file work-v2.pdb (PDB, C-alpha atoms)
ATOM      1  CA  MET A  23      58.547  12.034 -34.582
ATOM      2  CA  GLY A  24      57.546  15.621 -33.755
ATOM      3  CA  ALA A  25      54.921  17.607 -35.617
ATOM      4  CA  LEU A  26      53.050  15.773 -38.349
ATOM      5  CA  ALA A  27      54.277  17.045 -41.740
ATOM      6  CA  PHE A  28      51.730  16.902 -44.535
ATOM      7  CA  GLU A  29      50.684  18.413 -47.835
ATOM      8  CA  HIS A  30      47.284  18.317 -49.481
ATOM      9  CA  HIS A  31      45.779  18.476 -52.957
ATOM     10  CA  LEU A  32      42.140  19.142 -53.859
ATOM     11  CA  LEU A  33      41.489  17.113 -57.004
ATOM     12  CA  LYS A  34      38.413  18.039 -59.011
ATOM     13  CA  GLU A  35      36.637  15.901 -61.572
ATOM     14  CA  ALA A  36      38.606  15.461 -64.805
ATOM     15  CA  GLY A  37      36.978  13.547 -67.654
ATOM     16  CA  THR A  38      36.126  10.070 -66.410
ATOM     17  CA  SER A  39      38.092  10.610 -63.179
ATOM     18  CA  PRO A  40      35.461  11.674 -60.602
ATOM     19  CA  ASN A  41      37.993  12.583 -57.879
ATOM     20  CA  ASN A  42      36.619  14.466 -54.879
ATOM     21  CA  GLY A  43      36.150  18.219 -55.055
ATOM     22  CA  ALA A  44      35.080  18.355 -51.386
ATOM     23  CA  LEU A  45      37.869  16.418 -49.606
ATOM     24  CA  PRO A  46      41.569  16.939 -50.318
ATOM     25  CA  LEU A  47      44.077  14.149 -50.772
ATOM     26  CA  ILE A  48      46.493  14.262 -47.810
ATOM     27  CA  VAL A  49      50.164  13.219 -48.093
ATOM     28  CA  TYR A  50      51.878  12.627 -44.729
ATOM     29  CA  ARG A  51      55.677  12.793 -44.776
ATOM     30  CA  GLY A  52      57.763  10.611 -42.440
ATOM     31  CA  ALA A  53      54.721  10.006 -40.260
ATOM     32  CA  ILE A  54      55.342   6.361 -39.322
ATOM     33  CA  ASP A  55      58.475   4.878 -37.744
ATOM     34  CA  VAL A  56      59.209   1.873 -39.956
ATOM     35  CA  GLY A  57      62.763   1.286 -38.739
ATOM     36  CA  GLY A  58      62.156  -2.068 -37.031
ATOM     37  CA  ASP A  59      62.277  -5.624 -38.327
ATOM     38  CA  GLU A  60      58.610  -5.636 -39.420
ATOM     39  CA  PRO A  61      57.751  -2.304 -41.014
ATOM     40  CA  GLU A  62      54.436  -3.617 -42.372
ATOM     41  CA  ALA A  63      53.316  -4.495 -38.834
ATOM     42  CA  ALA A  64      54.416  -1.040 -37.610
ATOM     43  CA  VAL A  65      52.209   0.635 -40.241
ATOM     44  CA  GLU A  66      49.276  -1.641 -39.398
ATOM     45  CA  ARG A  67      49.636  -0.932 -35.667
ATOM     46  CA  HIS A  68      49.756   2.816 -36.318
ATOM     47  CA  PHE A  69      46.591   2.764 -38.435
ATOM     48  CA  ASP A  70      44.839   0.387 -36.032
ATOM     49  CA  SER A  71      45.644   2.597 -33.033
ATOM     50  CA  ASN A  72      43.717   5.375 -34.784
ATOM     51  CA  GLY A  73      40.696   3.236 -35.654
ATOM     52  CA  TRP A  74      41.589   2.314 -39.263
ATOM     53  CA  GLY A  75      41.949  -1.321 -40.347
ATOM     54  CA  ASP A  76      40.627  -4.205 -42.469
ATOM     55  CA  GLY A  77      43.232  -3.464 -45.101
ATOM     56  CA  PHE A  78      45.972  -5.123 -47.096
ATOM     57  CA  ARG A  79      49.704  -5.580 -47.486
ATOM     58  CA  GLY A  80      51.206  -5.467 -50.949
ATOM     59  CA  ASP A  81      51.443  -3.026 -53.805
ATOM     60  CA  THR A  82      49.574  -0.018 -55.139
ATOM     61  CA  PHE A  83      47.841  -1.088 -58.342
ATOM     62  CA  PRO A  84      49.711  -0.009 -61.505
ATOM     63  CA  PHE A  85      46.532   1.091 -63.272
ATOM     64  CA  HIS A  86      44.247   4.068 -62.696
ATOM     65  CA  HIS A  87      41.496   3.147 -60.266
ATOM     66  CA  TYR A  88      39.437   4.538 -57.398
ATOM     67  CA  HIS A  89      36.993   3.503 -54.702
ATOM     68  CA  SER A  90      33.448   4.861 -54.766
ATOM     69  CA  ILE A  91      32.346   3.458 -51.402
ATOM     70  CA  ALA A  92      35.362   3.936 -49.102
ATOM     71  CA  HIS A  93      38.156   6.296 -48.131
ATOM     72  CA  GLU A  94      41.592   4.625 -48.104
ATOM     73  CA  VAL A  95      44.910   5.288 -46.410
ATOM     74  CA  VAL A  96      48.056   3.753 -47.888
ATOM     75  CA  GLY A  97      51.287   3.682 -45.901
ATOM     76  CA  CYS A  98      54.670   3.039 -47.479
ATOM     77  CA  ALA A  99      56.287   0.336 -45.334
ATOM     78  CA  ARG A 100      59.344  -0.410 -47.498
ATOM     79  CA  GLY A 101      61.113   1.195 -50.419
ATOM     80  CA  GLY A 102      59.545   3.983 -52.403
ATOM     81  CA  ALA A 103      57.231   4.554 -55.325
ATOM     82  CA  GLN A 104      55.966   7.144 -57.745
ATOM     83  CA  LEU A 105      52.193   7.487 -57.392
ATOM     84  CA  GLN A 106      49.807   9.517 -59.545
ATOM     85  CA  PHE A 107      46.558  10.958 -58.245
ATOM     86  CA  GLY A 108      43.560  12.461 -59.990
ATOM     87  CA  GLY A 109      43.854  10.461 -63.221
ATOM     88  CA  PRO A 110      46.312  10.335 -66.133
ATOM     89  CA  GLU A 111      46.886  14.109 -66.047
ATOM     90  CA  GLY A 112      47.001  14.457 -62.243
ATOM     91  CA  PRO A 113      49.899  15.251 -59.908
ATOM     92  CA  VAL A 114      52.666  12.724 -59.326
ATOM     93  CA  VAL A 115      53.851  12.173 -55.750
ATOM     94  CA  ASP A 116      57.004  10.315 -54.720
ATOM     95  CA  VAL A 117      56.607   8.373 -51.462
ATOM     96  CA  GLN A 118      59.191   6.611 -49.346
ATOM     97  CA  ALA A 119      59.129   4.348 -46.314
ATOM     98  CA  GLY A 120      57.347   6.119 -43.456
ATOM     99  CA  ASP A 121      55.092   8.236 -45.699
ATOM    100  CA  ALA A 122      51.352   7.714 -46.034
ATOM    101  CA  VAL A 123      48.603   9.020 -48.299
ATOM    102  CA  LEU A 124      44.955   9.473 -47.326
ATOM    103  CA  ILE A 125      42.901   9.026 -50.482
ATOM    104  CA  PRO A 126      39.317  10.324 -50.357
ATOM    105  CA  ALA A 127      36.611   8.230 -51.986
ATOM    106  CA  GLY A 128      36.564   8.911 -55.723
ATOM    107  CA  VAL A 129      40.183  10.049 -56.100
ATOM    108  CA  VAL A 130      41.858   8.149 -58.923
ATOM    109  CA  HIS A 131      45.292   6.709 -58.153
ATOM    110  CA  ALA A 132      47.930   4.468 -59.744
ATOM    111  CA  ARG A 133      51.546   3.445 -59.253
ATOM    112  CA  LEU A 134      53.652   4.672 -62.172
ATOM    113  CA  ASP A 135      57.006   2.999 -61.528
ATOM    114  CA  ASP A 136      58.014  -0.609 -61.009
ATOM    115  CA  LYS A 137      61.028  -0.200 -58.732
ATOM    116  CA  PRO A 138      61.532  -3.335 -56.623
ATOM    117  CA  GLY A 139      61.249  -3.288 -52.854
ATOM    118  CA  TYR A 140      58.101  -1.159 -52.481
ATOM    119  CA  VAL A 141      55.536  -2.537 -50.032
ATOM    120  CA  SER A 142      52.419  -0.642 -49.050
ATOM    121  CA  VAL A 143      49.876  -1.209 -46.306
ATOM    122  CA  GLY A 144      46.306  -0.034 -46.767
ATOM    123  CA  ALA A 145      43.493   0.523 -44.284
ATOM    124  CA  TYR A 146      39.918   1.819 -44.163
ATOM    125  CA  PRO A 147      37.669   3.549 -41.649
ATOM    126  CA  PRO A 148      35.374   1.276 -39.606
ATOM    127  CA  GLY A 149      32.556  -0.177 -41.692
ATOM    128  CA  GLN A 150      34.104   0.726 -45.048
ATOM    129  CA  GLN A 151      35.462  -1.727 -47.628
ATOM    130  CA  PRO A 152      36.545  -0.730 -51.139
ATOM    131  CA  ASP A 153      35.144  -1.510 -54.525
ATOM    132  CA  LEU A 154      37.426  -1.242 -57.568
ATOM    133  CA  CYS A 155      36.370   1.339 -60.156
ATOM    134  CA  VAL A 156      38.483   1.617 -63.310
ATOM    135  CA  LEU A 157      38.520   4.125 -66.164
ATOM    136  CA  SER A 158      38.602   1.712 -69.106
ATOM    137  CA  ASN A 159      38.124  -1.846 -70.298
ATOM    138  CA  GLN A 160      41.917  -2.045 -70.691
ATOM    139  CA  ASP A 161      42.350  -1.256 -66.969
ATOM    140  CA  ALA A 162      39.721  -3.922 -66.195
ATOM    141  CA  GLU A 163      41.746  -6.477 -68.170
ATOM    142  CA  VAL A 164      44.915  -5.581 -66.242
ATOM    143  CA  SER A 165      42.954  -5.844 -62.978
ATOM    144  CA  ASN A 166      41.481  -9.236 -63.874
ATOM    145  CA  ALA A 167      44.969 -10.609 -64.631
ATOM    146  CA  ARG A 168      46.155  -9.854 -61.061
ATOM    147  CA  ASP A 169      45.719 -12.120 -58.032
ATOM    148  CA  ASP A 170      45.555  -9.213 -55.564
ATOM    149  CA  THR A 171      42.299  -7.771 -56.940
ATOM    150  CA  GLU A 172      40.281 -10.891 -56.138
ATOM    151  CA  GLY A 173      37.267 -10.148 -53.969
ATOM    152  CA  LEU A 174      36.976  -6.509 -55.032
ATOM    153  CA  ALA A 175      33.810  -5.568 -56.926
ATOM    154  CA  LEU A 176      35.189  -4.401 -60.288
ATOM    155  CA  LYS A 177      33.300  -1.600 -62.049
ATOM    156  CA  VAL A 178      34.211  -0.093 -65.418
ATOM    157  CA  VAL A 179      32.820   3.427 -65.138
ATOM    158  CA  GLY A 180      31.947   5.471 -68.193
ATOM    159  CA  ASP A 181      29.778   8.514 -68.786
ATOM    160  CA  ALA A 182      26.527   6.581 -68.269
ATOM    161  CA  GLU A 183      27.561   5.370 -64.809
ATOM    162  CA  MET A 184      29.013   8.670 -63.576
ATOM    163  CA  PRO A 185      25.851  10.141 -61.986
ATOM    164  CA  ALA A 186      25.417   7.073 -59.755
ATOM    165  CA  ILE A 187      29.149   6.969 -58.955
ATOM    166  CA  ARG A 188      29.187  10.674 -58.000
ATOM    167  CA  ALA A 189      26.224  10.069 -55.665
ATOM    168  CA  SER A 190      27.967   7.056 -54.100
ATOM    169  CA  ILE A 191      31.158   9.042 -53.496
ATOM    170  CA  ALA A 192      29.209  11.907 -51.897
ATOM    171  CA  ASP A 193      27.478   9.426 -49.554
ATOM    172  CA  VAL A 194      30.673   7.881 -48.111
ATOM    173  CA  PRO A 195      30.710   8.792 -44.399
ATOM    174  CA  LEU A 196      33.535  10.917 -43.076
ATOM    175  CA  PRO A 197      35.924   9.039 -40.784
ATOM    176  CA  ALA A 198      35.760   9.814 -37.073
ATOM    177  CA  THR A 199      39.570   9.876 -36.783
ATOM    178  CA  ASP A 200      42.679  10.723 -38.742
ATOM    179  CA  PRO A 201      44.541   7.484 -39.649
ATOM    180  CA  LEU A 202      47.865   9.027 -38.541
ATOM    181  CA  ALA A 203      46.882  11.498 -35.817
ATOM    182  CA  GLY A 204      43.723  10.077 -34.237
ATOM    183  CA  GLY A 205      41.313  12.762 -33.035
ATOM    184  CA  SER A 206      43.386  15.648 -34.364
ATOM    185  CA  GLY A 207      45.504  16.246 -37.455
ATOM    186  CA  PRO A 208      44.718  16.921 -41.089
ATOM    187  CA  VAL A 209      41.399  15.028 -41.178
ATOM    188  CA  ALA A 210      40.040  17.160 -38.354
ATOM    189  CA  GLU A 211      41.449  20.331 -39.915
ATOM    190  CA  LEU A 212      40.700  19.727 -43.608
ATOM    191  CA  TRP A 213      37.837  17.231 -43.744
ATOM    192  CA  LEU A 214      35.759  17.639 -40.590
ATOM    193  CA  GLU A 215      36.157  21.379 -39.954
ATOM    194  CA  GLY A 216      36.786  22.398 -43.577
TER     195      GLY A 216
END
call {"tool": "encode", "arguments": {"input": "work-v2.pdb", "output": "structure tokens"}}
result
Amino acid sequence: MGALAFEHHLLKEAGTSPNNGALPLIVYRGAIDVGGDEPEAAVERHFDSNGWGDGFRGDTFPFHHYHSIAHEVVGCARGGAQLQFGGPEGPVVDVQAGDAVLIPAGVVHARLDDKPGYVSVGAYPPGQQPDLCVLSNQDAEVSNARDDTEGLALKVVGDAEMPAIRASIADVPLPATDPLAGGSGPVAELWLEG
């Protein structure tokens, strides 16, 4: 595949979207070869080979949410999608099969489109599992109506909960490896050395 192509965005707190002013969101372009018969398995193998796992296969939730106790990488195995980061006013990123996005703890994200054929694969650093923080009671209702949110600790976070959430986000350990590049790559450059 050659050199790893990526872009990054530092997303600061915006209203009830805590985001992560210390760690940038990293978008990897064409980083995973998904040309075989089982692209989901190819994404899982790639993440697993770099020490990331215990994830999911499916969709990116179509409501604004974030994780206060885990970093997350999401790889696009099939199709494409329009994803928004940082909350309802944040940047919109189009992803296609082979792309991946490393989402720091606290960064709000949602899928904006509903084009068919999109399948994502998520993974987490060792010892980390996500909670499910949402920005409103309406988002909580949408979450509760879905089968794929079962088992995630749902938290509706308002102003009163923000100090504890900010502290939780700040306490999430940095990963030892980059989910796409192992011991080198953007995590080493932007998160560990930055």
call {"tool": "resolve_selection", "arguments": {"input": "work-v2.pdb", "expression": "the PyMOL selection byres ((chain A and resi 35-37) around 9)", "output": "list in words"}}
result
Leu33, Lys34, Thr38, Ser39, Pro40, Asn41, Asn42, Gly43, Gly108, Gly109, Glu111, Gly112, Val129 and Asp181 of chain A
call {"tool": "resolve_selection", "arguments": {"input": "work-v2.pdb", "expression": "the PyMOL selection byres ((chain A and resi 168-174) around 8)", "output": "PyMOL selection string"}}
result
chain A and resi 152-154+164-167+175-176
call {"tool": "closest_residue", "arguments": {"input": "work-v2.pdb", "among": "A:Gly204, A:Leu32, A:Ser71, A:Val209", "to": "Pro113 (chain A)", "atoms": "all atoms listed in the file"}}
result
A:Leu32
call {"tool": "resolve_selection", "arguments": {"input": "work-v2.pdb", "expression": "the PyMOL selection byres ((chain A and resi 93) around 10)", "output": "PyMOL selection string"}}
result
chain A and resi 88-92+94-95+124-129+145-147+150-152+191+194-197
call {"tool": "atom_distance", "arguments": {"input": "work-v2.pdb", "atom1": "CA of Phe85 (chain A)", "atom2": "CA of Gln104 (chain A)"}}
result
12.5 Å
